[in-house]
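Quick notes on the structure that follows.
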There are 4 protein chains.
Amino acid sequence: MACVSDHVLAPADEVQPLDGDPVARVLVAGASGYVGALAARLVWLHPRLELAMATSRGEAGTRLDRIYPRHRVPVTFEELDLDRARECDAALVAYPHGASAEVVAELRRLGLAVVDLSADFRLADRATYERTYGDHRAPELFGEAVYGLTELHRGQIAEAALVANPGCYPTAALLALAPLAEAGLVEDVVIDAKSGVSGAGRQTAERFSFVSLAENFLPYGVEGHRHAPEISQELQGLGVTARMTFVPHLVPIDQGLEASCYVTLEREISSDDLEALYRDRYEAEPFIELAEAPPGVRDVRETNLCRVYASLDRASRRVLAFAVIDNLWKGASGQALQNLNLMLGLPETEGLR
Amino acid sequence: MACVSDHVLAPADEVQPLDGDPVARVLVAGASGYVGALAARLVWLHPRLELAMATSRGEAGTRLDRIYPRHRVPVTFEELDLDRARECDAALVAYPHGASAEVVAELRRLGLAVVDLSADFRLADRATYERTYGDHRAPELFGEAVYGLTELHRGQIAEAALVANPGCYPTAALLALAPLAEAGLVEDVVIDAKSGVSGAGRQTAERFSFVSLAENFLPYGVEGHRHAPEISQELQGLGVTARMTFVPHLVPIDQGLEASCYVTLEREISSDDLEALYRDRYEAEPFIELAEAPPGVRDVRETNLCRVYASLDRASRRVLAFAVIDNLWKGASGQALQNLNLMLGLPETEGLR
Amino acid sequence: MACVSDHVLAPADEVQPLDGDPVARVLVAGASGYVGALAARLVWLHPRLELAMATSRGEAGTRLDRIYPRHRVPVTFEELDLDRARECDAALVAYPHGASAEVVAELRRLGLAVVDLSADFRLADRATYERTYGDHRAPELFGEAVYGLTELHRGQIAEAALVANPGCYPTAALLALAPLAEAGLVEDVVIDAKSGVSGAGRQTAERFSFVSLAENFLPYGVEGHRHAPEISQELQGLGVTARMTFVPHLVPIDQGLEASCYVTLEREISSDDLEALYRDRYEAEPFIELAEAPPGVRDVRETNLCRVYASLDRASRRVLAFAVIDNLWKGASGQALQNLNLMLGLPETEGLR
Amino acid sequence: MACVSDHVLAPADEVQPLDGDPVARVLVAGASGYVGALAARLVWLHPRLELAMATSRGEAGTRLDRIYPRHRVPVTFEELDLDRARECDAALVAYPHGASAEVVAELRRLGLAVVDLSADFRLADRATYERTYGDHRAPELFGEAVYGLTELHRGQIAEAALVANPGCYPTAALLALAPLAEAGLVEDVVIDAKSGVSGAGRQTAERFSFVSLAENFLPYGVEGHRHAPEISQELQGLGVTARMTFVPHLVPIDQGLEASCYVTLEREISSDDLEALYRDRYEAEPFIELAEAPPGVRDVRETNLCRVYASLDRASRRVLAFAVIDNLWKGASGQALQNLNLMLGLPETEGLR
C-alpha cells in the first residue's frame with residue numbers, strides 16, 4: 001500500500017473504507033490522468049477491493065490528493081514495478097493509446113485480470129486499428145479482449161481475462177442505439193455527439209485552456225474521429241450494416257457527454273412499440289435510466305448512469321435516440337469498475353452507487 | 001428623442017454618434033427584451049439612423065441602460081404611442097410571436113417600413129402558421145412580407161415595406177445549406193443545432209436559471225420545434241423537397257448558435273467542387289466567412305457574421321455543413337439592421353462593423 | 001413512506017439503502033427547494049435514517065426526482081400533515097426565513113427533534129432579528145435553539161432538541177476565524193466572501209438567470225447583508241469584540257463558497273505558531289481539512305468538508321484566513337445532517353462520506 | 001504593411017478602416033499573446049493609426065486571425081526587425097516582464113514613442129523592482145517612464161516618450177481608491193481583487209485549463225503578489241502611507257476584473273460627501289462611470305470603461321469602494337491605446353468607443 005504516513009490533510013487516515021478482507025488487490029496503471037485518477041478513487045472507495053498500487057510515470061513520488069484534492073485518495077504515485085505488480089490480482093490500465101498494449105501484455109503474462117481503458121484492444125480488425133492508431137505493440141494479444149460495453153457483452157465480460165473498455169462516445173451512442181439495432185431497425189444513422197472538456201484528458205494544449213473554451217463550443221474531428229470505427233464495429237456486431245456518420249463537438253463544461261442519434265428505419269414502428277422496445281431492453285439494467293424527456297448531462301454527472309430517451313419524428317419518419325453519460329464514469333472509469341466487478345464475480349453495481 | 005436629462009452615468013451625453021442629418025427616424029418596439037434592446041443599441045450607434053423611440057409595455061419609464069448597462073443607451077422606455085410613431089420612418093418590432101402581427105399592421109398603416117423580428121410573418125402557408133403559433137391577428141397582411149434572410153432574398157428585401165426577420169436556427173441552418181440546396185444536391189438533411197441561452201429570450205423560467213444550466217446541456221423541442229416549418233419552407237423555396245429532421249439543443253453559454261447539417265446528396269461531388277461551390281456562392285458576401293476548419297461560436301460573438309465550413313464525409317457519402325452565428329446578432333437584431341439598411345437604401349453593412 | 005409505485009425510472013426501486021431498522025423516521029419540510037431537496041437526498045441515502053415524508057407547499061403530488069433527477073429520490077412531495085408528522089422522530093425544516101418559525105414550533109410541540117435551516121432561530125437578540133428579518137412568529141421559542149455550527153457547539157448540539165443551522169457565509173467565515181478568535185487574536189476583520197448561485201435558493205428572479213450571470217460576477221448586499229449580525233454574534237461568543245466588515249459577492253458557478261478573512265491582530269504571532277494554532281484546533285475535526293495552499297471551491301464540491309488555509313502577511317501584519325465549503329452541503333443540508341446525527345446519538349459523519 | 005494577399009476569409013480586405021493619412025505608424029511587439037493581439041486589433045481599427053508591424057517570436061509567419069479569428073486582423077506576424085521598426089513612429093510592447101526592457105530601450109533609441117505593457121518600467125524603486133522581478137536589462141532607462149494610469153497622470157503622459165502601462169489589478173484598485181486617497185482619507189486598506197482567467201496571459205499551464213477552473217474559484221498569490229508594490233507606490237504618490245493588504249483571486253470567466261477595497265478612514269465622512277467626492281473627481285472622465293449599485297464585470301466587458309461604486313459601511317466606519325474593468329482593455333491594451341492617443345496628441349477616446 002502506497003499510503004504515506006506524513007500526510008497533512010486531517011481526515012485522510014480515516015478514509016480507507018475496507019472492512020473484512022478484500023476480494024482482490026488492484027493495480028491502477030497511469031493513475032495521474034483524469035481517467036486513471038478516478039479509477040483509483042473508485043477502487044479506493046470500493047468495499048471489496050484494495051488499491052494496491054497507483055502508478056504514474058511523470059509524477060511518481062507525488063500524492064494523488066495533491067493533484068486531485070477532491071478525490072481524497074491519500075496514495076503516492078509509484079513507477080510501475082512488475083515484481084510488485086505480480087502480487088496484485090487485477091489491473092485497470094489507463095495509459096494513452098499505443099502505449100497501453102505493451103503494459104497490458106506484461107500484466108496479462110503475470111496473470112492479472114486486466115481492464116484496458118485505452119483503445120488498444122477495442123478493435124477486432126488489425127488493419128483498422130493500424131490505420132487509426134498506428135502499429136500495435138502487443139500483436140499476440142490483438143483480438144483477445146472482450147469489448148467492455150457491459151450492457152451488450154455482460155456474459156463474455158464475466159468470463160474474460162482481458163476487457164477493452166469502450167470509448168466515451170461509443171458508449172453513449174451504442175446505448176442509445178442498441179434496442180433499435182438489435183431489432184434490425186437501423187438503416188442509416190447520423191450521430192451528433194457533444195462532450196465536456198475532460199474527455200480530452202489531462203493535457204495542456206492551448207485549445208483546452210479556459211480562455212479558449214469560455215463562451216465557446218465547436219465541432220471537431222470532422223475528417224474522421226477515432227471513435228467512428230469502434231461504433232461501426234459494434235453496430236455490425238448487432239447486425240447493422242447501415243451507413244453511419246459520426247461528428248463530435250466540444251462543449252464548455254467539465255464532465256458530461258450526450259449523443260443525439262438520428263435513425264432512418266428499416267421499417268415503420270409505432271410510438272408505443274418504440275417505447276416498449278426500450279423499456280423491455282433496459283428495464284433490468286442497473287445503470288440505464290429511461291427518461292421521460294430529452295435528458296441533460298447534469299442528470300448523470302458523477303454517476304455511472306446512462307440516461308436514454310427515444311422519440312419518433314413523424315415528419316421525417318426517423319427515430320431520434322438520445323443518451324447522456326458522464327464521460328469519466330460510464331464513459332471510462334465507472335464502466336471499467338463495472339466490468340471489473342463482473343470479472344471478479346462481484347455484484348456489478350458494487351462500489352458504483 | 002427619449003433621452004432623459006438627469007442621467008447619472010458620466011459619459012452618457014457624449015455617446016450619441018449622430019453627425020449630419022439622419023437618414024431615418026427609427027422606432028424600436030419591444031425594446032426591453034434581449035433582441036429589442038440590442039436592436040435599439042444598433043440603431044443608437046448607427047451613423048445614419050436616429051433612435052426616435054424605444055417602447056416597452058412592462059418597463060415604460062425605466063432607462064434602457066439601467067437594465068442593460070453594457071448597451072450604454074441612455075434612453076427611457078415609453079409606452080407605444082401611435083401618434084408619435086407616425087413621425088418615424090421605420091420600425092423594428094421585437095414583440096412576442098402572436099402579439100406582433102397587430103402592432104406591425106398598425107405601423108404599416110401609418111406608412112412605416114417595418115422589420116418584424118417575431119415569427120408572425122415568416123410563414124407563407126396560413127395553416128402551417130396557425131398549427132404552429134395559433135390564430136393570426138393581422139390576416140390581411142399574411143403573406144405580404146419578404147423573408148429576411150438577407151443572403152437569399154437581398155433584392156426583394158431592398159424593395160420591401162415589410163420584412164419578416166428569420167429565426168435564429170433557420171438563419172444558421174439555411175446559410176450552411178444554401179449552396180448545396182441551390183445546386184440541387186440535397187436529398188435528405190439532418191440538422192442538429194445548438195444555441196446559447198439568450199436565444200430563449202429574457203425570461204425567468206426555472207429551466208433557464210443559472211443553476212439549472214451550469215455544467216449542463218440538453219436536447220429540447222424534440223417533438224417538433226417551431227423553427228422546423230420555417231426551415232422547410234425556405235429549403236422548398238430553393239427547390240429542395242428533401243426529408244428534413246431538425247433538433248435544437250441548449251448549451252450553457254450566453255450568446256452563440258451552431259448548426260451541424262448532415263446532408264445526403266442527390267449526386268456525388270468532389271471535395272474541390274464542394275469547396276468551389278461555397279467559395280463562389282459566398283465570396284462576395286460581406287457577412288459570411290468561409291472557415292478553414294469547423295468554426296466555434298466564439299469566433300462570431302458580438303458580430304453579424306456567419307462562419308461556414310463544409311466537408312465531405314467519404315465513408316458515409318454525406319456533406320457535413322456547419323455554420324455559427326451570434327443568435328442575437330445575425331440570428332436576430334443584427335440581421336434586422338442589415339435588412340433595414342437595404343430597405344432604406346443604405347450600404348448593407350453600415351452600423352454593423 | 002411516500003414512494004409511489006408507478007415510477008418510470010428503471011433502477012429507482014433498488015436504490016433505498018436501508019438495512020436493519022432505522023434509528024429514526026425523519027420529516028423533511030420544504031423539500032422542493034435546493035436545500036430541502038439535498039436534505040431529503042441525504043436522509044434517503046443515510047444508512048440509519050428513514051425518509052418518512054418530504055413536504056412541499058407548491059409542488060405536492062410531484063416526485064422529487066422529476067424536479068431533481070440527479071438526486072434520485074423517488075419520493076412524492078406531500079402537503080405537510082401534522083397528524084402524520086407526529087409519527088416522525090425528527091425534522092429538517094427548509095422553509096424561507098420568517099415562514100419557518102411557526103412550523104418549527106408545531107413540530108417541537110409534537111415532540112420532534114428539529115434542525116431549522118432558516119435564519120429564524122439563529123440570532124439570540126430579538127431586536128436584531130426583527131431589524132433583520134421582521135416579526136418573529138414563534139416568540140416563545142426565540143432563544144431556545146442551539147446555533148448549529150458543529151465545530152463550535154458540538155456538545156450543546158448533542159443535547160439540543162432544536163438546532164438553528166447556520167447560514168452559508170457564517171459557516172465558512174467562522175471556521176476560517178475560530179482558531180484566531182478563540183486565541184484572542186482578532187482585533188479587526190474584513191470578510192470578503194464569494195458564493196455560487198445556488199446560495200440564492202431556487203428562484204427565478206432575472207438576476208439569477210443564466211444570461212445575467214454568464215461571464216459576470218459582482219459584489220452585492222453592500223448596504224448590510226443579513227448574515228452579518230449572525231457572524232458578529234458568534235464572534236462575540238468567542239470573545240471577539242472586533243470591528244467587522246462583511247461583503248458577499250456572486251460568482252458564476254453553481255455550488256461553492258469561499259471566505260477570505262483579513263485579520264488585524266491583537267498581538268504578533270509567528271508563522272509557525274499560526275500553523276500550530278490551526279493544526280491543534282482542527283486536526284481531530286472529521287470535516288475540516290487544513291490545506292497547504294489557498295483552496296479552491298472545487299476541492300470540496302458535493303462534500304460536507306470545509307478546507308481552511310491561514311497565512312501571515314508580514315507587510316501588513318495581518319493574518320489572511322481562507323475557507324471554502326459547498327454552500328449546499330457544509331453551508332446548509334450537509335451540516336444539518338451532521339447536527340442531526342449528533343442529536344440522535346449517531347456518529348457525526350454517518351451518511352456524509 | 002504585413003497583410004498577406006492570399007487570405008481565405010472573405011471580407012478581410014474590406015476591413016481596413018483607414019481613410020485619409022494616418023497620424024502615426026505603430027509597431028505592436030509581442031502581438032501573439034492576448035494583450036498584444038488586442039493591442040494590434042485596436043491599432044488596426046483605429047481611424048488615425050496604421051498597424052505597421054505585428055511581431056511575434058514564436059509565431060512569425062502565422063496570421064493573427066488564424067490564432068484569434070474574432071479579432072479579424074488579417075496581418076501576418078513577423079520577427080522584430082529593428083531596421084523596419086525605424087520607419088515606425090510609435091510602439092506598443094507586450095513582452096513578458098524582464099524581456100521587455102531591452103526591446104523598449106532599442107525602440108526608444110530609434111526614436112519611437114513607446115508604451116510598455118510589461119512591468120519593467122512601472123516601479124520607481126530599483127531595489128523593489130529587482131526583488132520582485134529580478135535584474136533589470138535596461139537600467140539606463142529605469143525611472144524614465146511615466147506611470148500610465150491615465151486618470152492620475154494625464155498631463156505627464158501627454159508629454160512622455162515612454163509610458164509604463166499599469167497592471168490590471170493596480171488599475172482597478174487605484175481607480176476605486178484615488179478620490180479617497182487624494183482627499184487624505186485612507187488610513188488602512190484591504191484590497192480583495194478577482195480576475196478572469198485571461199489575466200494570466202496566453203499560456204498552457206494545467207492550472208489554467210478548462211477542467212481545472214470549471215466550477216472553481218480560488219485565492220492565489222497570497223504570499224505576496226507582484227502587483228502589490230505597484231499599488232503601494234502609486235498610493236504613496238497620492239500621499240497615502242497606509243497599511244495595505246492585497247489578495248487576488250481567480251474566477252472562472254474569460255475577461256473581467258473586480259477590486260473590492262475596504263478602507264479605514266483617517267476621519268469621518270458623510271454619505272453625501274462621499275458621493276460628491278467621487279462625482280467631482282470622475283464626472284469629466286470619459287472612461288469612468290459611477291454606478292448606482294455594486295457593478296458587475298459584465299457591464300464593462302470588451303470596453304475601456306471602469307465602473308466605480310463607493311459606499312459607507314456605518315457599522316464598521318469603513319468606506320467600501322468597488323471598481324470593475326475588462327482586464328484586457330482598461331487593464332492592459334485599451335489603456336495603452338488611451339495613453340498612446342495622448343502621447344500622439346490625438347483625442348484620448350479615439351478608437352476606443
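Letters for chains follow the order of the C-alpha cells (A, B, ...), residue numbers begin at 1 for each chain, and ligand numbers begin at 1 in the order shown.
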
Write out, as JSON lines, each residue of chain D that has an atom at most 9 Å from chain C, together with the closest pair of atoms and their distance in Å to one decimal, counting only C-alpha atoms, rows going by chain and rising number.
```
{"residue": "D:Val190", "atom": "CA", "partner": "C:Tyr262", "partner_atom": "CA", "distance": 7.5}
{"residue": "D:Asp192", "atom": "CA", "partner": "C:Asp192", "partner_atom": "CA", "distance": 7.0}
{"residue": "D:Gly196", "atom": "CA", "partner": "C:Glu215", "partner_atom": "CA", "distance": 8.7}
{"residue": "D:Ser212", "atom": "CA", "partner": "C:Arg298", "partner_atom": "CA", "distance": 8.7}
{"residue": "D:Leu213", "atom": "CA", "partner": "C:Arg298", "partner_atom": "CA", "distance": 8.2}
{"residue": "D:Ala214", "atom": "CA", "partner": "C:Ile253", "partner_atom": "CA", "distance": 8.0}
{"residue": "D:Glu215", "atom": "CA", "partner": "C:Ile253", "partner_atom": "CA", "distance": 5.2}
{"residue": "D:Asn216", "atom": "CA", "partner": "C:Arg298", "partner_atom": "CA", "distance": 4.8}
{"residue": "D:Phe217", "atom": "CA", "partner": "C:Gly296", "partner_atom": "CA", "distance": 5.4}
{"residue": "D:Leu218", "atom": "CA", "partner": "C:Gly296", "partner_atom": "CA", "distance": 4.4}
{"residue": "D:Pro219", "atom": "CA", "partner": "C:Pro294", "partner_atom": "CA", "distance": 5.8}
{"residue": "D:Tyr220", "atom": "CA", "partner": "C:Pro294", "partner_atom": "CA", "distance": 6.2}
{"residue": "D:Gly221", "atom": "CA", "partner": "C:Pro294", "partner_atom": "CA", "distance": 8.8}
{"residue": "D:Val222", "atom": "CA", "partner": "C:Pro294", "partner_atom": "CA", "distance": 7.5}
{"residue": "D:Glu223", "atom": "CA", "partner": "C:Asp313", "partner_atom": "CA", "distance": 6.9}
{"residue": "D:Gly224", "atom": "CA", "partner": "C:Asp313", "partner_atom": "CA", "distance": 7.9}
{"residue": "D:Arg243", "atom": "CA", "partner": "C:Ser316", "partner_atom": "CA", "distance": 5.8}
{"residue": "D:Met244", "atom": "CA", "partner": "C:Ser316", "partner_atom": "CA", "distance": 6.0}
{"residue": "D:Thr245", "atom": "CA", "partner": "C:Ser316", "partner_atom": "CA", "distance": 5.9}
{"residue": "D:Val247", "atom": "CA", "partner": "C:Ser260", "partner_atom": "CA", "distance": 8.9}
{"residue": "D:Val251", "atom": "CA", "partner": "C:Val251", "partner_atom": "CA", "distance": 7.5}
{"residue": "D:Pro252", "atom": "CA", "partner": "C:Pro252", "partner_atom": "CA", "distance": 7.3}
{"residue": "D:Ile253", "atom": "CA", "partner": "C:Glu215", "partner_atom": "CA", "distance": 5.2}
{"residue": "D:Asp254", "atom": "CA", "partner": "C:Glu215", "partner_atom": "CA", "distance": 6.8}
{"residue": "D:Gln255", "atom": "CA", "partner": "C:Glu215", "partner_atom": "CA", "distance": 7.5}
{"residue": "D:Gly256", "atom": "CA", "partner": "C:Asn216", "partner_atom": "CA", "distance": 7.7}
{"residue": "D:Leu257", "atom": "CA", "partner": "C:Phe217", "partner_atom": "CA", "distance": 8.9}
{"residue": "D:Glu258", "atom": "CA", "partner": "C:Leu218", "partner_atom": "CA", "distance": 7.6}
{"residue": "D:Ser260", "atom": "CA", "partner": "C:Pro219", "partner_atom": "CA", "distance": 8.0}
{"residue": "D:Tyr262", "atom": "CA", "partner": "C:Val190", "partner_atom": "CA", "distance": 7.5}
{"residue": "D:Ala293", "atom": "CA", "partner": "C:Tyr220", "partner_atom": "CA", "distance": 8.3}
{"residue": "D:Pro294", "atom": "CA", "partner": "C:Pro219", "partner_atom": "CA", "distance": 5.8}
{"residue": "D:Pro295", "atom": "CA", "partner": "C:Leu218", "partner_atom": "CA", "distance": 6.0}
{"residue": "D:Gly296", "atom": "CA", "partner": "C:Leu218", "partner_atom": "CA", "distance": 4.4}
{"residue": "D:Val297", "atom": "CA", "partner": "C:Asn216", "partner_atom": "CA", "distance": 5.4}
{"residue": "D:Arg298", "atom": "CA", "partner": "C:Asn216", "partner_atom": "CA", "distance": 4.8}
{"residue": "D:Asp299", "atom": "CA", "partner": "C:Asn216", "partner_atom": "CA", "distance": 8.2}
{"residue": "D:Arg301", "atom": "CA", "partner": "C:Glu215", "partner_atom": "CA", "distance": 8.7}
{"residue": "D:Ser311", "atom": "CA", "partner": "C:Glu223", "partner_atom": "CA", "distance": 7.6}
{"residue": "D:Leu312", "atom": "CA", "partner": "C:Glu223", "partner_atom": "CA", "distance": 8.0}
{"residue": "D:Asp313", "atom": "CA", "partner": "C:Glu223", "partner_atom": "CA", "distance": 6.9}
{"residue": "D:Arg314", "atom": "CA", "partner": "C:Glu223", "partner_atom": "CA", "distance": 8.9}
{"residue": "D:Ala315", "atom": "CA", "partner": "C:Thr245", "partner_atom": "CA", "distance": 7.8}
{"residue": "D:Ser316", "atom": "CA", "partner": "C:Arg243", "partner_atom": "CA", "distance": 5.8}
{"residue": "D:Arg317", "atom": "CA", "partner": "C:Arg243", "partner_atom": "CA", "distance": 8.8}
{"residue": "D:Arg318", "atom": "CA", "partner": "C:Thr245", "partner_atom": "CA", "distance": 7.9}
{"residue": "D:Leu320", "atom": "CA", "partner": "C:Val222", "partner_atom": "CA", "distance": 8.0}
{"residue": "D:Phe322", "atom": "CA", "partner": "C:Pro219", "partner_atom": "CA", "distance": 8.2}
{"residue": "D:Val324", "atom": "CA", "partner": "C:Leu218", "partner_atom": "CA", "distance": 8.7}
```

Generate a file of the selected residues that holds N, CA and C atoms, formatted as a compact mmCIF listing (two decimals), in the first residue's frame.
```txt
# COMPACT_ATOMS: atom_id res chain seq x y z
N VAL D 190 -7.70 47.20 2.73
CA VAL D 190 -7.64 45.81 2.28
C VAL D 190 -8.22 45.77 0.87
N ASP D 192 -9.34 43.20 -1.94
CA ASP D 192 -9.63 41.82 -2.34
C ASP D 192 -10.07 41.88 -3.79
N GLY D 196 -10.74 37.42 -14.12
CA GLY D 196 -10.96 36.35 -15.09
C GLY D 196 -9.62 35.77 -15.53
N SER D 212 -9.56 22.49 -14.93
CA SER D 212 -9.11 22.94 -13.61
C SER D 212 -9.97 24.08 -13.06
N LEU D 213 -10.58 24.84 -13.94
CA LEU D 213 -11.27 26.04 -13.48
C LEU D 213 -12.78 25.96 -13.54
N ALA D 214 -13.32 24.98 -14.25
CA ALA D 214 -14.77 24.85 -14.31
C ALA D 214 -15.30 24.63 -12.90
N GLU D 215 -16.33 25.36 -12.55
CA GLU D 215 -16.96 25.24 -11.22
C GLU D 215 -15.97 25.47 -10.09
N ASN D 216 -14.96 26.29 -10.33
CA ASN D 216 -13.94 26.54 -9.33
C ASN D 216 -13.71 28.03 -9.17
N PHE D 217 -13.20 28.47 -8.06
CA PHE D 217 -12.50 29.75 -7.94
C PHE D 217 -11.66 29.70 -6.68
N LEU D 218 -10.65 30.53 -6.62
CA LEU D 218 -9.69 30.41 -5.52
C LEU D 218 -8.84 31.66 -5.36
N PRO D 219 -8.38 31.91 -4.13
CA PRO D 219 -7.37 32.95 -3.92
C PRO D 219 -6.02 32.45 -4.42
N TYR D 220 -5.11 33.36 -4.74
CA TYR D 220 -3.74 32.95 -5.10
C TYR D 220 -2.81 34.13 -4.78
N GLY D 221 -1.53 33.90 -4.97
CA GLY D 221 -0.58 34.99 -4.75
C GLY D 221 -0.61 35.50 -3.32
N VAL D 222 -1.03 34.65 -2.41
CA VAL D 222 -1.28 35.07 -1.03
C VAL D 222 0.02 35.47 -0.33
N GLU D 223 1.12 34.87 -0.73
CA GLU D 223 2.39 35.18 -0.07
C GLU D 223 3.04 36.44 -0.65
N GLY D 224 2.29 37.18 -1.46
CA GLY D 224 2.86 38.40 -2.00
C GLY D 224 2.76 38.43 -3.52
N ARG D 243 -1.22 51.27 5.72
CA ARG D 243 -1.03 49.84 5.65
C ARG D 243 -1.92 49.33 4.53
N MET D 244 -1.45 48.39 3.76
CA MET D 244 -2.21 47.90 2.62
C MET D 244 -2.06 46.39 2.51
N THR D 245 -3.19 45.70 2.33
CA THR D 245 -3.17 44.26 2.08
C THR D 245 -3.87 44.00 0.76
N VAL D 247 -4.95 40.86 -1.97
CA VAL D 247 -5.02 39.43 -2.33
C VAL D 247 -5.86 39.26 -3.59
N VAL D 251 -11.23 33.73 -10.97
CA VAL D 251 -12.66 33.46 -11.13
C VAL D 251 -12.91 32.86 -12.51
N PRO D 252 -13.81 31.88 -12.63
CA PRO D 252 -13.96 31.17 -13.91
C PRO D 252 -14.74 31.94 -14.96
N ILE D 253 -14.21 33.05 -15.37
CA ILE D 253 -14.72 33.75 -16.54
C ILE D 253 -13.50 34.08 -17.39
N ASP D 254 -13.75 34.57 -18.58
CA ASP D 254 -12.70 34.87 -19.53
C ASP D 254 -12.10 36.25 -19.22
N GLN D 255 -12.88 37.30 -19.41
CA GLN D 255 -12.40 38.66 -19.25
C GLN D 255 -13.21 39.38 -18.17
N GLY D 256 -12.53 40.13 -17.33
CA GLY D 256 -13.23 40.90 -16.30
C GLY D 256 -12.45 40.87 -15.01
N LEU D 257 -12.40 41.99 -14.32
CA LEU D 257 -11.64 42.10 -13.08
C LEU D 257 -12.38 43.04 -12.16
N GLU D 258 -12.47 42.66 -10.90
CA GLU D 258 -13.14 43.49 -9.91
C GLU D 258 -12.22 43.66 -8.72
N SER D 260 -12.47 44.91 -4.76
CA SER D 260 -13.25 45.35 -3.59
C SER D 260 -12.28 45.91 -2.58
N TYR D 262 -11.55 47.89 1.00
CA TYR D 262 -12.11 48.13 2.34
C TYR D 262 -11.23 49.15 3.03
N ALA D 293 -25.07 51.11 -8.03
CA ALA D 293 -25.10 49.90 -7.22
C ALA D 293 -23.80 49.16 -7.52
N PRO D 294 -23.44 48.18 -6.71
CA PRO D 294 -22.18 47.48 -6.98
C PRO D 294 -22.18 46.94 -8.40
N PRO D 295 -21.14 47.24 -9.16
CA PRO D 295 -21.13 46.88 -10.58
C PRO D 295 -20.67 45.45 -10.81
N GLY D 296 -21.14 44.86 -11.93
CA GLY D 296 -20.67 43.55 -12.37
C GLY D 296 -19.66 43.71 -13.49
N VAL D 297 -18.77 42.75 -13.61
CA VAL D 297 -17.74 42.87 -14.64
C VAL D 297 -18.32 42.83 -16.05
N ARG D 298 -19.46 42.15 -16.17
CA ARG D 298 -20.09 42.08 -17.49
C ARG D 298 -20.47 43.45 -18.03
N ASP D 299 -20.71 44.39 -17.12
CA ASP D 299 -21.10 45.75 -17.52
C ASP D 299 -20.02 46.46 -18.33
N ARG D 301 -17.43 44.61 -20.07
CA ARG D 301 -16.73 43.64 -20.93
C ARG D 301 -16.51 44.22 -22.33
N SER D 311 -19.38 53.20 -1.12
CA SER D 311 -20.47 53.14 -0.16
C SER D 311 -19.88 53.22 1.25
N LEU D 312 -20.67 53.79 2.16
CA LEU D 312 -20.21 53.92 3.54
C LEU D 312 -20.78 52.77 4.35
N ASP D 313 -19.93 52.04 5.04
CA ASP D 313 -20.40 50.98 5.93
C ASP D 313 -20.42 51.53 7.34
N ARG D 314 -21.61 51.96 7.78
CA ARG D 314 -21.71 52.64 9.07
C ARG D 314 -21.17 51.78 10.22
N ALA D 315 -21.57 50.51 10.22
CA ALA D 315 -21.23 49.64 11.35
C ALA D 315 -19.72 49.62 11.59
N SER D 316 -18.96 49.49 10.50
CA SER D 316 -17.50 49.36 10.68
C SER D 316 -16.78 50.68 10.41
N ARG D 317 -17.55 51.72 10.11
CA ARG D 317 -16.95 53.02 9.78
C ARG D 317 -15.86 52.89 8.72
N ARG D 318 -16.16 52.06 7.73
CA ARG D 318 -15.24 51.93 6.59
C ARG D 318 -15.94 52.44 5.33
N LEU D 320 -16.43 51.27 1.52
CA LEU D 320 -16.28 50.14 0.61
C LEU D 320 -16.25 50.71 -0.80
N PHE D 322 -15.59 49.89 -4.86
CA PHE D 322 -15.53 48.80 -5.83
C PHE D 322 -15.25 49.36 -7.22
N VAL D 324 -14.79 47.85 -11.40
CA VAL D 324 -14.71 46.75 -12.37
C VAL D 324 -14.13 47.27 -13.68
```

Original post:
Which residues, written as a ChimeraX atom specification, have at least one atom at most 10 Å from Pro96 of chain D, with only C-alpha atoms counted and residues fewer than 3 positions away on the same chain left out?
Top reply: /D:30,33,93,99-101,117-120,201

Find the residues around Val26 of chain A up to 7 Å (only C-alpha atoms counted), leave out those fewer than 4 positions away in its own chain, and share them as a compact mmCIF listing (two decimals) with N, CA, C and O atoms, in the first residue's frame.
```txt
# COMPACT_ATOMS: atom_id res chain seq x y z
N LEU A 49 -12.51 -4.14 -2.73
CA LEU A 49 -11.23 -4.11 -3.44
C LEU A 49 -10.19 -3.34 -2.64
O LEU A 49 -10.54 -2.44 -1.86
N GLU A 50 -8.93 -3.68 -2.85
CA GLU A 50 -7.84 -2.92 -2.24
C GLU A 50 -7.03 -2.24 -3.34
O GLU A 50 -6.65 -2.87 -4.32
N LEU A 51 -6.81 -0.96 -3.16
CA LEU A 51 -5.96 -0.24 -4.11
C LEU A 51 -4.50 -0.54 -3.75
O LEU A 51 -3.93 0.07 -2.85
N ALA A 52 -3.91 -1.49 -4.45
CA ALA A 52 -2.59 -1.97 -4.07
C ALA A 52 -1.48 -1.06 -4.56
O ALA A 52 -0.42 -0.95 -3.95
N CYS A 88 -0.53 -8.44 -7.31
CA CYS A 88 -1.91 -7.96 -7.49
C CYS A 88 -2.74 -9.01 -8.22
O CYS A 88 -2.21 -9.91 -8.89
N ASP A 89 -4.06 -8.86 -8.10
CA ASP A 89 -4.96 -9.79 -8.76
C ASP A 89 -5.52 -9.23 -10.07
O ASP A 89 -5.89 -9.97 -10.96
N ALA A 90 -5.62 -7.91 -10.10
CA ALA A 90 -6.25 -7.31 -11.28
C ALA A 90 -5.64 -5.93 -11.51
O ALA A 90 -5.03 -5.34 -10.62
N ALA A 91 -5.83 -5.44 -12.74
CA ALA A 91 -5.31 -4.11 -13.07
C ALA A 91 -6.29 -3.35 -13.95
O ALA A 91 -6.96 -3.93 -14.81
```

Subject >> Close residues, Tyr278 of chain D itself excluded, 9 Å, only C-alpha atoms, min 2 positions apart in chain, as a VMD selection string >> reply: chain D and resid 178 to 180 273 to 276 280 to 283 290 308 to 310

**OP:** Could you jot down the atom CA of Cys306 of chain B to atom CA of Arg267 of chain B separation for me, Å, one decimal place?
**Re:** 26.8 Å

Subject >> Expected answer as a ChimeraX atom specification: helix (DSSP H, G or I) residues in segment 46-177 of chain C >> reply: /C:64-67,69-71,82-85,100-109,126-133,139-141,150-159,168-177

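Comparing B:Asp125, B:Glu268, B:Thr171, B:Asn165 by their smallest distance to Val319 of chain B, the closest is B:Glu268 (using only C-alpha atoms).
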
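Atom CA of Thr132 of chain B sits 19.4 Å away from atom CA of Val104 of chain B.
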
Subject >> DSSP strand (DSSP E) selection over segment 87-299 of chain B, as a ChimeraX atom specification >> reply: /B:90-93,113-116,146-147,162-164,186-195,218-219,243-250,257-265,288-290

Within 8 Å of Gly61 of chain C using only C-alpha atoms, minus same-chain residues under 5 positions, as a CSV table (one decimal) with N, CA and C atoms, in the first residue's frame:
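See result32.csv below for the written result:
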```
chain,number,residue,atom,x,y,z
C,76,THR,N,-42.6,11.2,-3.5
C,76,THR,CA,-43.6,12.2,-4.0
C,76,THR,C,-43.8,13.3,-2.8
C,77,PHE,N,-43.7,14.5,-3.2
C,77,PHE,CA,-43.9,15.6,-2.3
C,77,PHE,C,-45.3,15.6,-1.8
C,78,GLU,N,-45.5,15.9,-0.5
C,78,GLU,CA,-46.8,15.9,0.1
C,78,GLU,C,-47.0,17.3,0.8
```
